[in-house]
Amino acid sequence: MSDKEKFEDTDLWEETGDKEEHQEEGFEDICYICRRPESKAGKMIQIPNSVSICFDCMQKTFDTMNHTGFPIGDMGNFGNMPNISMINLSDLQNMNMMPKSQKLKKKKPKEDKKPKPVLDIKSIPAPHKIKASLDEYVVGQEHAKKVMSVAVYNHYKRVRCNDQDGIEIEKSNMLMLGPTGSGKTYMVKTLARLLDVPLAIADATSLTEAGYIGDDIESVVSKLLAAADNDVERAEHGIIFIDEIDKIAKKKTTNQRDVSGESVQQGMLKLLEGAQIEVPVGANSKNAMVPLATVDTRNILFICGGAFPDLEDVIKERLNKKSAMGFHADLKDKYDGEENLLQRVEVEDIRKYGMIPEFLGRLPVIFALDALTEDMLVRILTEPKSAIVKQYQKLLSMDEVKLEFETNALHAIAKKAKKKDVGARALRAIIEEFMLDIMYEIPKDDNIGMVTITEDYIENRGGPVISMRG
């Protein structure tokens, strides 16, 4: 009699009910021992209390018991043996109840052997339409929006096309440079919302080399899988934005092991290029008792962004090398007042900053965002669909009060934000400060009909103009 037949003779085999009764519809069973899903491990053996075990793990259990010389049928002999204790199946009931965020969705059965394209090329907007949609939300940054629109359009054309003619299109991963508060993350969020694809935003500062405290490199793919509701097929066509990518540059000092710098760049090489990555479902570490899913990163678009502080000094050093002695020599401080010096960046500058050549080679599209000027900050306050001024106007309209900003007041706010040197993030903080008293006092009086924010109020020389109804 085989081991499986012996096991079937015991009362552990689930005799009543169909397998689907204990299983949530649309999700796979997970082996309690090896944590593999049913699509990898094969059909599961169901034992009481909704515990699933794959045939491989069950066979290993039988082999272990056979090698010890104890008969499987005589279960009572284990009770008197040292160092051997039986598992109480009722204890497994609560341990096996994993949250929905750690369950894998079943893949849809393929009708034909040929894989059908997930995206239809006709449904992908043309680059000019993508840019026009970005214009509604993002002010300025014309070059950056054009580059992103073309790169995204080409990427999803690459996903759609086949390589039967032997021509394989390479990935168009992007490296986005720009000062803090210039809109890097906001542009990526807007882009993912327009294309209706899953988006994962990861922070490179938390990534470390495998085996050290911190997030593993595969955790960025795990976040994308969670954003796709654990649908592997949908996640394989998503976008991953890795922010603060400049924080994993090579360290200048080599006295200690660089576990969060160059080693992280090396670990991301296969991820960016395209590989089969095993990622934990619903956790950041593979050591957690959670199932592992295999995600193919070949069709995932990676966008890396960073402020790259002090990169301007590297660019200045390269540009000043062209200077020579004599009457035609350039002044060393020629580029000190240039705000958009990042637009002159070259791969050589980023490599000198601390990014390894292999990493930069997998990010072929490199572009920089413009530094925000005072006029751009004024436009950010008023023009986008979700502009800050429009948000406060909507809040006050709920109290049936009209809110107006004088043009000079908007420029005064932009000047204050420019001095803080943190980009568009300063605008919200400044307006919050001046709107606090207004938002507090207005609900007290139902006769207030309109509030006008003046330049004197922003410059602390007066107060807002309040108009009564009628």
# chains A, B, ... in the order shown; residues from 1 in each chain; ligands from 1

$ residues_around --residues "range 257-266 of chain A" --least-positions-apart "2" --cutoff "10 Å" --atoms "only C-alpha atoms" --output "VMD selection string"
chain A and resid 204 to 214 216 to 217 245 to 255 268 to 271 354 to 360

$ residues_around --residues "Ile300 in chain A" --least-positions-apart "3" --cutoff "6 Å" --atoms "only C-alpha atoms" --output "compact mmCIF listing (two decimals) with all heavy atoms, in the first residue's frame"
# COMPACT_ATOMS: atom_id res chain seq x y z
N GLU A 236 2.12 42.80 -13.65
CA GLU A 236 3.23 42.69 -14.60
C GLU A 236 3.16 43.75 -15.70
O GLU A 236 4.05 43.81 -16.56
CB GLU A 236 3.25 41.30 -15.22
CG GLU A 236 3.72 40.22 -14.25
CD GLU A 236 3.64 38.82 -14.84
OE1 GLU A 236 3.02 38.67 -15.91
OE2 GLU A 236 4.20 37.90 -14.23
N HIS A 237 2.11 44.59 -15.69
CA HIS A 237 2.02 45.68 -16.67
C HIS A 237 1.84 47.02 -15.95
O HIS A 237 1.26 47.95 -16.52
CB HIS A 237 0.85 45.44 -17.63
CG HIS A 237 0.97 44.17 -18.42
ND1 HIS A 237 0.42 42.98 -17.99
CD2 HIS A 237 1.61 43.90 -19.57
CE1 HIS A 237 0.71 42.03 -18.86
NE2 HIS A 237 1.42 42.56 -19.84
N GLY A 238 2.34 47.10 -14.73
CA GLY A 238 2.19 48.32 -13.95
C GLY A 238 3.41 49.21 -14.02
O GLY A 238 4.33 49.02 -14.83
N ILE A 239 3.41 50.22 -13.15
CA ILE A 239 4.50 51.20 -13.08
C ILE A 239 5.03 51.21 -11.65
O ILE A 239 4.26 51.23 -10.68
CB ILE A 239 4.01 52.61 -13.46
CG1 ILE A 239 3.50 52.63 -14.91
CG2 ILE A 239 5.11 53.64 -13.29
CD1 ILE A 239 2.89 53.96 -15.31
N THR A 297 9.26 40.91 -14.37
CA THR A 297 9.42 42.36 -14.40
C THR A 297 9.79 42.89 -15.79
O THR A 297 10.11 44.06 -15.93
CB THR A 297 10.49 42.81 -13.40
OG1 THR A 297 11.77 42.29 -13.80
CG2 THR A 297 10.17 42.33 -12.00

$ select_by_dssp --residues "range 285-455 of chain A" --states "alpha helix (DSSP H)" --output "ChimeraX atom specification"
/A:311-320,347-353,357-361,374-382,388-397,407-420,425-441,455

$ atom_distance --atom1 "CA of Gly361 in chain A" --atom2 "CA of Asp231 in chain A"
30.0 Å

$ closest_residue --among "A:Val138, A:Ala414, A:Cys54, A:Val159" --to "Glu383 in chain A" --atoms "only C-alpha atoms"
A:Val138

$ residues_around --residues "Leu427 in chain A" --least-positions-apart "2" --cutoff "9 Å" --atoms "only C-alpha atoms" --output "PDB file with C-alpha atoms, in the first residue's frame"
ATOM      1  CA  LEU A 377       4.301  79.012  -8.362  1.00  0.00           C
ATOM      2  CA  ILE A 380       0.374  76.257  -9.512  1.00  0.00           C
ATOM      3  CA  LEU A 381      -1.810  78.103  -7.001  1.00  0.00           C
ATOM      4  CA  ILE A 388      -4.791  74.908  -3.716  1.00  0.00           C
ATOM      5  CA  ILE A 413       2.646  83.935  -1.404  1.00  0.00           C
ATOM      6  CA  ALA A 414       4.899  82.757  -4.259  1.00  0.00           C
ATOM      7  CA  LYS A 416       7.492  83.519   0.473  1.00  0.00           C
ATOM      8  CA  ALA A 417       7.466  79.982  -0.964  1.00  0.00           C
ATOM      9  CA  GLY A 423       9.353  73.943  -4.109  1.00  0.00           C
ATOM     10  CA  ALA A 424       5.567  73.761  -4.378  1.00  0.00           C
ATOM     11  CA  ARG A 425       5.283  72.062  -0.977  1.00  0.00           C
ATOM     12  CA  ALA A 429       1.997  75.519   4.408  1.00  0.00           C
ATOM     13  CA  ILE A 430       1.880  79.292   3.780  1.00  0.00           C
ATOM     14  CA  ILE A 431      -1.801  79.358   2.820  1.00  0.00           C
ATOM     15  CA  GLU A 432      -2.692  77.127   5.774  1.00  0.00           C
TER      16      GLU A 432
END

$ select_by_dssp --residues "range 106-298 of chain A" --states "strand (DSSP E)" --output "MDAnalysis selection string"
chainID A and resid 174:177 199:203 239:243 276:280 292:296

$ write_last_selection --atoms "N, CA and C atoms" --output "PDB file, in the first residue's frame"
ATOM      1  N   MET A 174      12.989  55.114 -16.957  1.00  0.00           N
ATOM      2  CA  MET A 174      13.304  56.551 -16.906  1.00  0.00           C
ATOM      3  C   MET A 174      14.020  56.920 -15.610  1.00  0.00           C
ATOM      4  N   LEU A 175      14.896  57.902 -15.714  1.00  0.00           N
ATOM      5  CA  LEU A 175      15.540  58.511 -14.558  1.00  0.00           C
ATOM      6  C   LEU A 175      15.178  59.990 -14.567  1.00  0.00           C
ATOM      7  N   MET A 176      14.463  60.416 -13.520  1.00  0.00           N
ATOM      8  CA  MET A 176      13.943  61.776 -13.450  1.00  0.00           C
ATOM      9  C   MET A 176      14.706  62.560 -12.387  1.00  0.00           C
ATOM     10  N   LEU A 177      15.320  63.652 -12.809  1.00  0.00           N
ATOM     11  CA  LEU A 177      16.055  64.510 -11.892  1.00  0.00           C
ATOM     12  C   LEU A 177      15.283  65.805 -11.703  1.00  0.00           C
ATOM     13  N   LEU A 199       0.075  51.281  -9.726  1.00  0.00           N
ATOM     14  CA  LEU A 199       1.278  52.068  -9.451  1.00  0.00           C
ATOM     15  C   LEU A 199       1.768  51.769  -8.048  1.00  0.00           C
ATOM     16  N   ALA A 200       3.067  51.568  -7.918  1.00  0.00           N
ATOM     17  CA  ALA A 200       3.690  51.398  -6.608  1.00  0.00           C
ATOM     18  C   ALA A 200       4.766  52.466  -6.450  1.00  0.00           C
ATOM     19  N   ILE A 201       4.726  53.175  -5.326  1.00  0.00           N
ATOM     20  CA  ILE A 201       5.730  54.194  -5.033  1.00  0.00           C
ATOM     21  C   ILE A 201       6.578  53.689  -3.880  1.00  0.00           C
ATOM     22  N   ALA A 202       7.846  53.496  -4.143  1.00  0.00           N
ATOM     23  CA  ALA A 202       8.775  52.975  -3.133  1.00  0.00           C
ATOM     24  C   ALA A 202       9.825  54.039  -2.831  1.00  0.00           C
ATOM     25  N   ASP A 203      10.411  53.911  -1.664  1.00  0.00           N
ATOM     26  CA  ASP A 203      11.445  54.854  -1.223  1.00  0.00           C
ATOM     27  C   ASP A 203      12.767  54.100  -1.168  1.00  0.00           C
ATOM     28  N   ILE A 239       3.409  50.217 -13.150  1.00  0.00           N
ATOM     29  CA  ILE A 239       4.498  51.197 -13.075  1.00  0.00           C
ATOM     30  C   ILE A 239       5.034  51.214 -11.650  1.00  0.00           C
ATOM     31  N   ILE A 240       6.350  51.185 -11.523  1.00  0.00           N
ATOM     32  CA  ILE A 240       7.006  51.303 -10.218  1.00  0.00           C
ATOM     33  C   ILE A 240       7.823  52.590 -10.205  1.00  0.00           C
ATOM     34  N   PHE A 241       7.525  53.450  -9.252  1.00  0.00           N
ATOM     35  CA  PHE A 241       8.273  54.695  -9.098  1.00  0.00           C
ATOM     36  C   PHE A 241       9.138  54.581  -7.847  1.00  0.00           C
ATOM     37  N   ILE A 242      10.439  54.630  -8.033  1.00  0.00           N
ATOM     38  CA  ILE A 242      11.385  54.539  -6.920  1.00  0.00           C
ATOM     39  C   ILE A 242      11.912  55.946  -6.645  1.00  0.00           C
ATOM     40  N   ASP A 243      11.453  56.519  -5.546  1.00  0.00           N
ATOM     41  CA  ASP A 243      11.830  57.888  -5.194  1.00  0.00           C
ATOM     42  C   ASP A 243      13.138  57.885  -4.395  1.00  0.00           C
ATOM     43  N   GLN A 276      12.451  36.939 -13.522  1.00  0.00           N
ATOM     44  CA  GLN A 276      11.420  36.304 -12.716  1.00  0.00           C
ATOM     45  C   GLN A 276      11.780  36.511 -11.239  1.00  0.00           C
ATOM     46  N   ILE A 277      10.999  37.295 -10.538  1.00  0.00           N
ATOM     47  CA  ILE A 277      11.284  37.653  -9.158  1.00  0.00           C
ATOM     48  C   ILE A 277      10.243  37.014  -8.247  1.00  0.00           C
ATOM     49  N   GLU A 278      10.721  36.311  -7.229  1.00  0.00           N
ATOM     50  CA  GLU A 278       9.810  35.757  -6.224  1.00  0.00           C
ATOM     51  C   GLU A 278       9.620  36.796  -5.129  1.00  0.00           C
ATOM     52  N   VAL A 279       8.383  37.210  -4.941  1.00  0.00           N
ATOM     53  CA  VAL A 279       8.103  38.252  -3.968  1.00  0.00           C
ATOM     54  C   VAL A 279       7.097  37.744  -2.943  1.00  0.00           C
ATOM     55  N   PRO A 280       7.231  38.168  -1.683  1.00  0.00           N
ATOM     56  CA  PRO A 280       6.250  37.784  -0.660  1.00  0.00           C
ATOM     57  C   PRO A 280       4.944  38.538  -0.869  1.00  0.00           C
ATOM     58  N   LEU A 292       4.653  32.999  -1.582  1.00  0.00           N
ATOM     59  CA  LEU A 292       5.507  33.701  -2.530  1.00  0.00           C
ATOM     60  C   LEU A 292       4.885  33.628  -3.920  1.00  0.00           C
ATOM     61  N   ALA A 293       4.911  34.753  -4.627  1.00  0.00           N
ATOM     62  CA  ALA A 293       4.401  34.808  -5.988  1.00  0.00           C
ATOM     63  C   ALA A 293       5.547  35.163  -6.923  1.00  0.00           C
ATOM     64  N   THR A 294       5.532  34.601  -8.119  1.00  0.00           N
ATOM     65  CA  THR A 294       6.560  34.881  -9.120  1.00  0.00           C
ATOM     66  C   THR A 294       6.043  35.954 -10.071  1.00  0.00           C
ATOM     67  N   VAL A 295       6.754  37.080 -10.124  1.00  0.00           N
ATOM     68  CA  VAL A 295       6.363  38.211 -10.971  1.00  0.00           C
ATOM     69  C   VAL A 295       7.453  38.440 -12.008  1.00  0.00           C
ATOM     70  N   ASP A 296       7.051  38.555 -13.272  1.00  0.00           N
ATOM     71  CA  ASP A 296       7.980  38.834 -14.358  1.00  0.00           C
ATOM     72  C   ASP A 296       8.066  40.350 -14.532  1.00  0.00           C
TER      73      ASP A 296
END

$ closest_residue --among "A:Val451, A:Ala409, A:Lys60, A:Pro125" --to "Met439 in chain A" --atoms "only C-alpha atoms"
A:Val451
